[in-house]
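Undergrad: If it helps, the file is called final-v7.csv and holds CSV, C-alpha atoms and all ligand atoms:
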```csv
chain,number,residue,atom,x,y,z
A,1078,MET,CA,36.3,91.4,-123.7
A,1079,THR,CA,34.1,90.6,-126.6
A,1080,ILE,CA,35.6,89.0,-129.6
A,1081,ASP,CA,34.8,90.5,-133.0
A,1082,ILE,CA,35.1,87.6,-135.4
A,1083,ASN,CA,34.6,89.8,-138.4
A,1084,ILE,CA,37.5,92.1,-137.5
A,1085,ASN,CA,39.7,89.1,-136.6
A,1086,LEU,CA,39.0,87.5,-139.9
A,1087,ARG,CA,39.8,90.6,-141.9
A,1088,GLU,CA,43.0,91.0,-139.9
A,1089,VAL,CA,44.0,87.4,-140.6
A,1090,GLU,CA,43.2,87.8,-144.3
A,1091,GLU,CA,45.3,90.9,-144.5
A,1092,LYS,CA,48.2,89.1,-142.8
A,1093,ILE,CA,47.9,86.2,-145.3
A,1094,ARG,CA,47.9,88.8,-148.1
A,1095,VAL,CA,51.0,90.5,-146.8
A,1096,ALA,CA,52.9,87.2,-146.2
A,1097,ALA,CA,52.0,86.0,-149.7
A,1098,LEU,CA,53.2,89.3,-151.2
A,1099,LYS,CA,56.5,89.1,-149.2
A,1100,ALA,CA,57.0,85.6,-150.6
A,1101,GLY,CA,56.1,86.6,-154.1
A,1102,ARG,CA,53.1,84.4,-154.1
A,1103,ASP,CA,49.4,84.9,-155.0
A,1104,ALA,CA,47.2,85.1,-151.9
A,1105,LYS,CA,44.6,83.2,-153.8
A,1106,ASP,CA,46.7,80.1,-153.6
A,1107,ILE,CA,46.4,80.1,-149.8
A,1108,GLN,CA,43.3,78.8,-148.3
A,1109,LEU,CA,42.2,79.8,-144.8
A,1110,ILE,CA,40.8,77.0,-142.7
A,1111,ALA,CA,39.0,78.3,-139.6
A,1112,VAL,CA,39.7,75.9,-136.8
A,1113,THR,CA,36.4,75.7,-134.9
A,1114,LYS,CA,37.2,73.2,-132.1
A,1115,THR,CA,35.4,74.2,-128.9
A,1116,VAL,CA,33.5,76.9,-130.9
A,1117,GLU,CA,29.7,76.5,-130.8
A,1118,PRO,CA,27.6,76.3,-134.0
A,1119,GLU,CA,26.0,79.7,-133.5
A,1120,ILE,CA,29.5,81.3,-133.6
A,1121,ILE,CA,30.5,79.2,-136.6
A,1122,LYS,CA,27.4,80.5,-138.4
A,1123,LYS,CA,28.5,84.0,-137.8
A,1124,ALA,CA,32.0,83.2,-139.2
A,1125,ILE,CA,30.3,81.7,-142.2
A,1126,GLU,CA,28.3,85.0,-142.7
A,1127,TYR,CA,31.7,86.8,-142.6
A,1128,GLY,CA,33.0,84.7,-145.4
A,1129,VAL,CA,34.5,81.5,-143.9
A,1130,LYS,CA,34.2,78.6,-146.4
A,1131,HIS,CA,36.5,76.0,-144.8
A,1132,VAL,CA,36.4,74.8,-141.2
A,1133,GLY,CA,38.7,72.4,-139.3
A,1134,GLU,CA,37.8,70.1,-136.4
A,1135,ASN,CA,40.2,67.8,-134.5
A,1136,LYS,CA,37.6,65.4,-132.9
A,1137,VAL,CA,35.1,63.2,-134.8
A,1138,GLN,CA,32.4,63.5,-132.2
A,1139,GLU,CA,32.6,67.3,-132.2
A,1140,LEU,CA,32.7,67.5,-136.0
A,1141,LEU,CA,29.6,65.4,-136.3
A,1142,ARG,CA,27.6,67.4,-133.7
A,1143,LYS,CA,28.3,70.6,-135.6
A,1144,TYR,CA,27.9,69.0,-139.0
A,1145,GLU,CA,24.3,68.2,-138.0
A,1146,VAL,CA,23.6,71.9,-137.5
A,1147,ILE,CA,25.7,73.4,-140.3
A,1148,GLY,CA,25.9,70.7,-142.9
A,1149,ASP,CA,27.4,71.5,-146.3
A,1150,GLN,CA,27.5,75.3,-146.1
A,1151,VAL,CA,31.2,74.9,-145.6
A,1152,GLN,CA,33.9,72.4,-146.4
A,1153,TRP,CA,34.9,70.3,-143.4
A,1154,HIS,CA,38.5,69.4,-142.7
A,1155,MET,CA,39.5,66.7,-140.2
A,1156,ILE,CA,42.7,68.0,-138.8
A,1157,GLY,CA,43.2,65.9,-135.7
A,1158,HIS,CA,44.4,62.4,-135.0
A,1159,LEU,CA,41.9,59.9,-136.5
A,1160,GLN,CA,41.1,56.5,-135.1
A,1161,LYS,CA,40.4,53.8,-137.6
A,1162,ASN,CA,37.0,52.9,-136.1
A,1163,LYS,CA,35.7,56.4,-136.6
A,1164,VAL,CA,36.5,56.8,-140.2
A,1165,LYS,CA,33.1,55.5,-141.2
A,1166,TYR,CA,31.3,58.4,-139.5
A,1167,ILE,CA,33.1,61.2,-141.4
A,1168,ILE,CA,33.9,59.6,-144.7
A,1169,ASP,CA,31.0,61.2,-146.6
A,1170,LYS,CA,31.2,64.5,-144.7
A,1171,VAL,CA,34.7,65.9,-144.9
A,1172,ALA,CA,36.5,67.4,-147.9
A,1173,LEU,CA,39.9,66.6,-146.7
A,1174,ILE,CA,41.5,64.5,-143.9
A,1175,HIS,CA,44.8,66.1,-142.9
A,1176,SER,CA,46.0,63.4,-140.5
A,1177,VAL,CA,46.8,60.2,-142.3
A,1178,ASP,CA,49.7,58.7,-140.3
A,1179,SER,CA,49.7,55.0,-140.9
A,1180,TYR,CA,49.0,52.4,-143.6
A,1181,ASP,CA,46.2,50.8,-141.5
A,1182,LEU,CA,44.4,54.1,-141.4
A,1183,ALA,CA,44.9,54.7,-145.1
A,1184,LEU,CA,43.5,51.2,-145.8
A,1185,GLU,CA,40.4,51.8,-143.7
A,1186,ILE,CA,39.8,55.2,-145.4
A,1187,ASP,CA,40.2,53.5,-148.8
A,1188,LYS,CA,37.7,50.8,-147.8
A,1189,ARG,CA,35.1,53.2,-146.4
A,1190,ALA,CA,35.5,55.5,-149.4
A,1191,LYS,CA,35.0,52.6,-151.8
A,1192,LYS,CA,31.8,51.6,-149.9
A,1193,SER,CA,30.5,55.2,-150.2
A,1194,GLY,CA,31.4,55.4,-153.9
A,1195,LEU,CA,33.9,58.2,-153.5
A,1196,ILE,CA,37.5,59.1,-153.5
A,1197,MET,CA,38.8,60.5,-150.3
A,1198,LYS,CA,41.4,63.2,-150.5
A,1199,CYS,CA,43.9,63.1,-147.7
A,1200,LEU,CA,47.2,64.6,-146.5
A,1201,LEU,CA,50.0,62.6,-145.0
A,1202,GLN,CA,50.8,64.0,-141.5
A,1203,VAL,CA,54.6,64.3,-141.0
A,1204,ASN,CA,56.2,64.9,-137.7
A,1205,VAL,CA,59.1,66.9,-138.9
A,1206,SER,CA,60.4,68.0,-135.5
A,1207,GLY,CA,60.5,64.5,-134.2
A,1208,GLU,CA,58.7,65.5,-131.0
A,1209,GLU,CA,57.4,62.5,-129.2
A,1210,THR,CA,54.1,64.2,-128.3
A,1211,LYS,CA,53.2,64.8,-131.9
A,1212,TYR,CA,51.4,62.4,-134.3
A,1213,GLY,CA,52.6,61.9,-137.8
A,1214,VAL,CA,55.3,59.8,-139.6
A,1215,SER,CA,58.9,60.7,-139.8
A,1216,ARG,CA,60.4,62.2,-142.9
A,1217,GLU,CA,62.2,58.9,-143.4
A,1218,GLN,CA,59.0,56.8,-143.2
A,1219,ALA,CA,56.9,59.1,-145.4
A,1220,LYS,CA,58.2,57.9,-148.8
A,1221,ASP,CA,57.8,54.1,-148.1
A,1222,LEU,CA,54.4,54.6,-146.7
A,1223,LEU,CA,53.3,56.6,-149.7
A,1224,LYS,CA,54.6,53.9,-152.1
A,1225,GLU,CA,52.1,51.5,-150.3
A,1226,ILE,CA,49.2,54.0,-150.2
A,1227,SER,CA,49.7,54.7,-153.9
A,1228,LYS,CA,48.4,51.2,-154.6
A,1229,LEU,CA,45.0,52.0,-153.1
A,1230,HIS,CA,42.3,53.4,-155.4
A,1231,ASN,CA,39.8,55.2,-153.3
A,1232,ILE,CA,42.3,57.3,-151.2
A,1233,HIS,CA,44.3,60.0,-152.9
A,1234,ILE,CA,47.1,61.7,-151.1
A,1235,VAL,CA,47.1,65.4,-152.2
A,1236,GLY,CA,49.8,66.8,-150.0
A,1237,LEU,CA,51.4,66.9,-146.6
A,1238,MET,CA,50.5,68.3,-143.2
A,1239,THR,CA,52.7,69.2,-140.2
A,1240,MET,CA,52.6,71.0,-136.9
A,1241,ALA,CA,55.6,73.1,-135.9
A,1242,PRO,CA,57.0,72.8,-132.4
A,1243,TYR,CA,55.8,75.3,-129.9
A,1244,VAL,CA,58.9,77.4,-129.6
A,1245,GLU,CA,59.8,81.1,-129.3
A,1246,GLU,CA,62.5,80.6,-131.9
A,1247,ALA,CA,61.0,81.5,-135.3
A,1248,LYS,CA,64.1,80.0,-136.9
A,1249,GLU,CA,63.2,76.5,-135.7
A,1250,THR,CA,59.6,76.9,-136.9
A,1251,ARG,CA,60.8,78.1,-140.3
A,1252,ALA,CA,63.2,75.1,-140.6
A,1253,CYS,CA,60.3,72.8,-139.9
A,1254,PHE,CA,58.1,74.2,-142.7
A,1255,GLU,CA,61.1,74.4,-145.0
A,1256,SER,CA,61.8,70.8,-144.4
A,1257,LEU,CA,58.2,69.8,-145.2
A,1258,LYS,CA,58.3,71.7,-148.5
A,1259,GLU,CA,61.5,70.0,-149.4
A,1260,LEU,CA,60.0,66.6,-148.6
A,1261,SER,CA,57.0,67.4,-150.8
A,1262,LEU,CA,59.4,68.2,-153.7
A,1263,GLU,CA,61.2,64.9,-153.2
A,1264,ILE,CA,57.9,63.0,-153.2
A,1265,GLU,CA,56.7,64.8,-156.3
A,1266,LYS,CA,59.8,63.5,-158.1
A,1267,MET,CA,58.9,59.9,-157.3
A,1268,GLY,CA,55.9,60.2,-159.6
A,1269,LEU,CA,53.7,57.9,-157.6
A,1270,HIS,CA,50.2,56.9,-158.8
A,1271,ASN,CA,47.4,58.7,-156.9
A,1272,ILE,CA,49.9,60.9,-155.0
A,1273,GLN,CA,50.0,64.6,-155.7
A,1274,MET,CA,51.8,67.3,-153.7
A,1275,LYS,CA,49.3,70.0,-154.3
A,1276,TYR,CA,48.8,71.1,-150.7
A,1277,LEU,CA,51.0,71.9,-147.8
A,1278,SER,CA,48.9,72.2,-144.6
A,1279,MET,CA,51.1,74.2,-142.3
A,1280,GLY,CA,50.7,77.2,-140.1
A,1281,MET,CA,48.5,78.0,-137.1
A,1282,SER,CA,47.7,81.3,-135.3
A,1283,ASN,CA,51.2,81.8,-134.0
A,1284,ASP,CA,53.1,80.8,-137.1
A,1285,PHE,CA,51.0,81.1,-140.3
A,1286,GLU,CA,52.9,83.9,-141.8
A,1287,VAL,CA,56.2,82.0,-141.6
A,1288,ALA,CA,54.4,79.0,-143.1
A,1289,ILE,CA,53.1,81.0,-146.0
A,1290,GLU,CA,56.6,82.4,-146.6
A,1291,GLU,CA,57.8,78.8,-146.8
A,1292,GLY,CA,55.2,77.6,-149.2
A,1293,GLY,CA,52.1,76.7,-147.1
A,1294,THR,CA,48.8,76.5,-149.0
A,1295,LEU,CA,46.4,75.6,-146.2
A,1296,VAL,CA,46.6,77.5,-143.0
A,1297,ARG,CA,44.7,76.3,-139.9
A,1298,ILE,CA,43.8,79.2,-137.7
A,1299,GLY,CA,41.7,79.0,-134.6
A,1300,SER,CA,42.5,81.3,-131.7
A,1301,LYS,CA,43.4,84.3,-133.9
A,1302,ILE,CA,39.8,84.2,-135.2
A,1303,PHE,CA,37.7,82.9,-132.3
A,1304,GLY,CA,39.9,83.9,-129.3
A,1305,GLU,CA,41.7,81.7,-126.8
A,1306,ARG,CA,40.0,78.4,-126.2
A,1307,ASN,CA,38.6,77.4,-122.8
A,1308,TYR,CA,38.6,73.7,-122.5
A,1401,LIG,C1,43.8,73.6,-132.7
A,1401,LIG,C2,44.5,73.3,-134.0
A,1401,LIG,C3,44.9,74.4,-134.9
A,1401,LIG,C4,44.6,75.8,-134.6
A,1401,LIG,O1,45.4,76.3,-133.5
A,1401,LIG,P1,45.4,77.9,-133.2
A,1401,LIG,O2,46.7,78.0,-132.5
A,1401,LIG,O3,44.3,78.1,-132.3
A,1401,LIG,O4,45.4,78.6,-134.4
A,1401,LIG,C5,45.6,74.0,-136.0
A,1401,LIG,N1,45.8,72.7,-136.3
A,1401,LIG,C6,45.5,71.7,-135.5
A,1401,LIG,C7,45.8,70.3,-135.9
A,1401,LIG,C8,44.8,72.0,-134.3
A,1401,LIG,O5,44.5,71.0,-133.5
```
Kindly present the structure from the file in structure tokens form.

TA:
Amino acid sequence: MTIDININLREVEEKIRVAALKAGRDAKDIQLIAVTKTVEPEIIKKAIEYGVKHVGENKVQELLRKYEVIGDQVQWHMIGHLQKNKVKYIIDKVALIHSVDSYDLALEIDKRAKKSGLIMKCLLQVNVSGEETKYGVSREQAKDLLKEISKLHNIHIVGLMTMAPYVEEAKETRACFESLKELSLEIEKMGLHNIQMKYLSMGMSNDFEVAIEEGGTLVRIGSKIFGERNY
């Protein structure tokens, strides 16, 4: 079966539009991030031709390899777990890091951003479901951590990211997204310096419509666009 990226993209966009409408939201407030892990640069170029403006990668090495070919034609999003020692390689290449999950990582990002003379926008990754296999801080840890990060100057937290549990039950998925939205409102009320709750990065191929209904602004979609991945 050949995969028609153009058709897939149009379908995803239409679904985003319908989900936004259903939630009484403006579809323009929802940004599609095409998740390109395991997708080769030639295919990514096609996706760019068809209108993709944001791409997400979950591994530093892979991001760098593709960045060399594609460069700044798109905005790059680091969506996977990030090791401190790799921050320096991506600091001047990515628009947003979705996966800040410790003070040490935030500190390193701050240091490297300062060195490069920039302010790095990041999201705090929250493990709402509490699954042990998932990265991210707990809801309880989030606020204290942000109080500390807010003292740093070259990293700005601009929202939250989460991954919903893989379950059949849409109810559980919805509860997870709802919980992240609630947390973002609580954080907003704290009025912390350098901390904004502008973005909620939630929703993937199998749950982005629910995420949009619950307030998601950045949806990270891979297989619905590029087909199932072969690792
Ligand atoms: C792979 C990945 C996605 C996209 O997953 P699909 O189910 O293919 O849409 C989204 N977010 C993260 C963090 C990922 O690693």

Undergrad: Using only C-alpha atoms, collect all residues at a distance of at most 9 Å from (51.1, 53.8, -147.3) as written in the file, then present them as a PyMOL selection string.

TA: chain A and resi 1178-1184+1219-1229

Undergrad: What's around Ala1096 (chain A) at 10 Å? Count only C-alpha atoms, leave out sequence neighbours fewer than 5 positions away in its own chain, and write the answer as an MDAnalysis selection string.

TA: chainID A and resid 1090:1091 1101:1104 1285:1291

Undergrad: So which residues are near ligand LIG 1401 (chain A), meaning at most 7 Å away with only C-alpha atoms and all ligand atoms counted, given back as a CSV table (one decimal) with C-alpha atoms, in the frame of the given file?

TA:
```csv
chain,number,residue,atom,x,y,z
A,1112,VAL,CA,39.7,75.9,-136.8
A,1114,LYS,CA,37.2,73.2,-132.1
A,1135,ASN,CA,40.2,67.8,-134.5
A,1156,ILE,CA,42.7,68.0,-138.8
A,1157,GLY,CA,43.2,65.9,-135.7
A,1240,MET,CA,52.6,71.0,-136.9
A,1281,MET,CA,48.5,78.0,-137.1
A,1282,SER,CA,47.7,81.3,-135.3
A,1283,ASN,CA,51.2,81.8,-134.0
A,1297,ARG,CA,44.7,76.3,-139.9
A,1298,ILE,CA,43.8,79.2,-137.7
A,1299,GLY,CA,41.7,79.0,-134.6
A,1300,SER,CA,42.5,81.3,-131.7
A,1301,LYS,CA,43.4,84.3,-133.9
```

Undergrad: For Asn1083 (chain A), which residue among A:Ala1124, A:Val1116, A:Val1177, A:Ala1111 is the nearest when counting all atoms listed in the file?

TA: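 Looking only at the distances to Asn1083 (chain A), the closest residue turns out to be A:Ala1124.
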
Undergrad: I'd like to know which of A:Glu1305, A:Glu1117, A:Glu1134, A:Glu1255 is closest to Ser1176 (chain A), using all atoms listed in the file.

TA: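 Selected residue with least distance to Ser1176 (chain A): A:Glu1134.
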
Undergrad: So how far away is CA of Gln1218 (chain A) from CA of Lys1161 (chain A), in Å?

TA: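 Distance between the two atoms: 19.7 Å.
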
Undergrad: Here is a test: counting all atoms listed in the file, which residue of A:Ile1174, A:Leu1140, A:Leu1295, A:Met1274 is nearest to Glu1259 (chain A)?

TA: A:Met1274

Undergrad: What's the 12 Å shell around Arg1216 (chain A), counting all atoms listed in the file, without same-chain residues fewer than 3 positions away, as a PyMOL selection string?

TA: chain A and resi 1178+1201-1207+1213+1219-1223+1237-1239+1253+1256-1261+1263-1264
